[in-house]
$ cat structure_29.txt   # compact mmCIF, C-alpha atoms
# COMPACT_ATOMS: atom_id res chain seq x y z
CA MET A 13 -8.68 6.99 -22.95
CA THR A 14 -11.47 4.70 -21.77
CA VAL A 15 -12.20 4.46 -18.03
CA LEU A 16 -13.75 1.57 -16.10
CA GLY A 17 -16.04 2.37 -13.19
CA ILE A 18 -16.55 -0.15 -10.38
CA ASP A 19 -19.27 -0.31 -7.74
CA TYR A 20 -17.83 -2.90 -5.33
CA GLY A 21 -20.09 -5.02 -3.20
CA ALA A 22 -19.66 -8.14 -1.10
CA LYS A 23 -22.13 -10.04 -3.30
CA LYS A 24 -22.10 -8.19 -6.63
CA ILE A 25 -19.73 -5.84 -8.45
CA GLY A 26 -21.14 -3.39 -10.96
CA LEU A 27 -19.02 -2.34 -13.93
CA ALA A 28 -19.42 0.64 -16.25
CA LYS A 29 -17.23 2.17 -18.94
CA SER A 30 -16.76 5.56 -20.47
CA ASP A 31 -16.90 6.46 -24.13
CA SER A 32 -13.55 7.16 -25.77
CA GLN A 33 -13.88 10.92 -25.18
CA ASN A 34 -14.65 10.45 -21.47
CA LYS A 35 -17.90 12.39 -21.73
CA MET A 36 -20.46 9.66 -20.99
CA ALA A 37 -20.56 6.55 -18.81
CA PHE A 38 -22.52 3.43 -19.70
CA PRO A 39 -23.47 0.38 -17.60
CA LEU A 40 -21.44 -2.62 -18.69
CA GLU A 41 -22.10 -5.71 -16.59
CA ILE A 42 -22.55 -7.15 -13.12
CA LEU A 43 -20.11 -9.66 -11.68
CA ILE A 44 -21.16 -12.08 -8.97
CA ASN A 45 -18.50 -11.78 -6.27
CA THR A 46 -17.39 -15.42 -6.18
CA GLY A 47 -13.87 -14.64 -5.03
CA ARG A 48 -10.88 -12.56 -5.95
CA PRO A 49 -9.29 -14.91 -8.51
CA GLU A 50 -12.47 -14.99 -10.64
CA ILE A 51 -13.09 -11.27 -10.20
CA LEU A 52 -9.51 -10.41 -11.18
CA LYS A 53 -9.71 -12.61 -14.27
CA ARG A 54 -12.93 -10.94 -15.45
CA ILE A 55 -11.78 -7.40 -14.66
CA LYS A 56 -8.59 -7.99 -16.66
CA GLU A 57 -10.67 -9.39 -19.56
CA VAL A 58 -13.00 -6.39 -19.48
CA CYS A 59 -10.04 -4.00 -19.39
CA GLN A 60 -8.42 -5.68 -22.39
CA GLU A 61 -11.68 -5.99 -24.41
CA ASN A 62 -12.54 -2.33 -23.84
CA GLU A 63 -9.02 -0.86 -23.98
CA ILE A 64 -9.37 0.49 -20.44
CA GLU A 65 -6.62 2.86 -19.35
CA LYS A 66 -7.83 3.79 -15.85
CA ILE A 67 -10.12 2.35 -13.16
CA ILE A 68 -12.37 4.36 -10.83
CA VAL A 69 -13.82 2.63 -7.75
CA GLY A 70 -16.68 4.10 -5.74
CA VAL A 71 -16.06 4.58 -2.02
CA PRO A 72 -18.86 4.79 0.56
CA THR A 73 -18.35 8.18 2.21
CA SER A 74 -20.73 9.40 4.88
CA PHE A 75 -22.87 12.51 5.17
CA SER A 76 -20.98 13.47 8.32
CA PRO A 77 -21.13 17.22 8.97
CA LYS A 78 -17.49 17.17 10.08
CA LYS A 79 -14.99 19.26 8.17
CA LYS A 80 -14.27 17.71 4.79
CA GLU A 81 -10.58 16.88 4.45
CA GLY A 82 -10.93 15.20 1.05
CA ILE A 83 -12.78 12.16 -0.18
CA LEU A 84 -11.24 9.81 2.43
CA ARG A 85 -11.99 11.36 5.82
CA PRO A 86 -11.03 9.90 9.22
CA VAL A 87 -14.71 9.42 10.15
CA ASP A 88 -15.25 7.32 7.02
CA LEU A 89 -12.14 5.21 7.62
CA GLU A 90 -13.81 3.84 10.77
CA ASN A 91 -16.69 2.41 8.68
CA GLN A 92 -16.41 -1.36 8.03
CA GLN A 93 -17.83 -1.04 4.52
CA MET A 94 -15.18 1.60 3.70
CA LYS A 95 -12.45 -0.66 5.08
CA THR A 96 -13.69 -3.50 2.87
CA VAL A 97 -13.77 -1.31 -0.26
CA LEU A 98 -10.32 0.16 0.49
CA GLY A 99 -9.01 -3.39 0.92
CA PHE A 100 -10.42 -4.26 -2.52
CA ILE A 101 -8.83 -1.12 -4.02
CA SER A 102 -5.45 -1.93 -2.49
CA TRP A 103 -5.67 -5.49 -3.82
CA LEU A 104 -6.75 -4.21 -7.25
CA LYS A 105 -3.82 -1.78 -7.42
CA THR A 106 -1.35 -4.60 -6.78
CA ASN A 107 -2.95 -6.95 -9.33
CA VAL A 108 -3.86 -4.71 -12.27
CA ASP A 109 -1.30 -2.69 -14.20
CA LEU A 110 -3.55 0.36 -14.53
CA PRO A 111 -3.99 3.49 -12.43
CA VAL A 112 -6.79 3.07 -9.88
CA ASP A 113 -8.53 6.07 -8.32
CA VAL A 114 -11.57 6.59 -6.09
CA GLU A 115 -14.82 8.52 -6.43
CA ASP A 116 -17.53 9.30 -3.89
CA GLU A 117 -20.42 6.87 -4.33
CA ARG A 118 -22.93 8.48 -1.96
CA LEU A 119 -26.49 7.83 -3.10
CA SER A 120 -25.35 6.01 -6.27
CA THR A 121 -27.36 2.87 -5.44
CA LYS A 122 -30.45 4.87 -4.51
CA LEU A 123 -30.21 6.91 -7.72
CA ALA A 124 -29.48 3.74 -9.70
CA ASN A 125 -32.67 2.15 -8.36
CA GLY A 126 -34.67 5.09 -9.65
CA LEU A 127 -32.95 5.14 -13.03
CA ARG A 128 -33.21 1.40 -13.43
CA LYS A 129 -36.95 1.54 -12.80
CA ASP A 130 -37.26 4.15 -15.55
CA LEU A 131 -35.02 2.29 -18.00
CA VAL A 132 -35.85 -1.35 -17.41
CA LYS A 133 -38.54 -2.90 -15.31
CA LYS A 134 -36.44 -5.41 -13.41
CA GLY A 135 -32.89 -6.47 -12.74
CA PRO A 136 -30.00 -5.46 -10.51
CA ASP A 137 -28.88 -1.87 -10.19
CA ASP A 138 -25.14 -2.46 -9.64
CA ALA A 139 -24.00 -1.64 -13.19
CA VAL A 140 -26.14 1.50 -13.17
CA ALA A 141 -24.58 2.51 -9.82
CA ALA A 142 -21.13 1.99 -11.37
CA MET A 143 -22.23 4.17 -14.29
CA LEU A 144 -23.28 6.96 -11.89
CA ILE A 145 -19.98 6.75 -9.99
CA LEU A 146 -18.04 6.93 -13.25
CA GLN A 147 -20.20 9.75 -14.63
CA THR A 148 -19.50 11.81 -11.50
CA TYR A 149 -15.78 11.31 -12.08
CA LEU A 150 -16.06 12.17 -15.79
CA ASP A 151 -18.08 15.31 -15.05
CA LYS A 152 -15.35 16.53 -12.69
CA LEU A 153 -12.70 15.65 -15.27
CA ASN A 154 -14.48 17.65 -17.98
CA PHE A 155 -15.61 20.62 -15.87
CA LYS A 156 -14.16 23.85 -17.19
CA PHE A 157 -14.10 27.06 -15.15
$ encode --input "structure_29.txt" --output "C-alpha cells"
Amino acid sequence: MTVLGIDYGAKKIGLAKSDSQNKMAFPLEILINTGRPEILKRIKEVCQENEIEKIIVGVPTSFSPKKKEGILRPVDLENQQMKTVLGFISWLKTNVDLPVDVEDERLSTKLANGLRKDLVKKGPDDAVAAMLILQTYLDKLNFKF
C-alpha cells in the first residue's frame, strides 16, 4: 500500500508519498492552490500514477496544555486555520474514492525549513513538510511494542 501525505495551505499544497512498504516518506511535489477543481484533478492524477491507497492530511494542532482528547481537540477546532484544513479534508473525502485520515503537523514547516536548507539551498518547503507529516504517520503505523 502506498500512502499520499498532504500539507495543505491556502497558497501551496505539499505532497509526499510513501514507499511500497510504508517505511519511508519522500517529498513528491508542490501544487499551487489555484482552486479546488485544479487541485482535485492533480491529486487524482498523483494517486493514479503512484497507486495511492490512502491519503494522510496534516492538521494544525496547538501546543495547548489542556487535556489531550485526541488529535482533534475542542481548543483546536476554534482555530481558523484548523477549520480551513478540516473543510479541505471534508471536501477531499467526498471527491476522492480513497480513505482519508489526519496526522498532527505541529512543527512540520519549521522542521522542513531546516531539512530543506540541509538538502537543497533554495526552494519551497511544502513537499518536505508533507514528507514529515507522512513519516510521522508511517512511524506510528510501524511502531511495535
$ closest_residue --input "structure_29.txt" --among "A:Met13, A:Ser102, A:Lys24, A:Pro39" --to "Ala139 in chain A" --atoms "all atoms listed in the file"
A:Pro39
$ residues_around --input "structure_29.txt" --residues "Leu98 in chain A" --least-positions-apart "5" --cutoff "12 Å" --atoms "only C-alpha atoms" --output "PyMOL selection string"
chain A and resi 20-21+69-73+84+88-93+103-105+112-115
$ closest_residue --input "structure_29.txt" --among "A:Asn154, A:Asn107, A:Tyr149, A:Asp137" --to "Lys53 in chain A" --atoms "all atoms listed in the file"
A:Asn107
$ residues_around --input "structure_29.txt" --residues "Leu150 in chain A" --least-positions-apart "3" --cutoff "9 Å" --atoms "only C-alpha atoms" --output "list of chain:residue names"
A:Val15, A:Ser30, A:Asn34, A:Lys35, A:Met36, A:Ala37, A:Ile145, A:Leu146, A:Gln147, A:Leu153, A:Asn154, A:Phe155
$ atom_distance --input "structure_29.txt" --atom1 "CA of Asp138 in chain A" --atom2 "CA of Ala28 in chain A"
9.3 Å
$ closest_residue --input "structure_29.txt" --among "A:Leu40, A:Ile25, A:Ile101, A:Val140" --to "Ile67 in chain A" --atoms "all atoms listed in the file"
A:Ile101
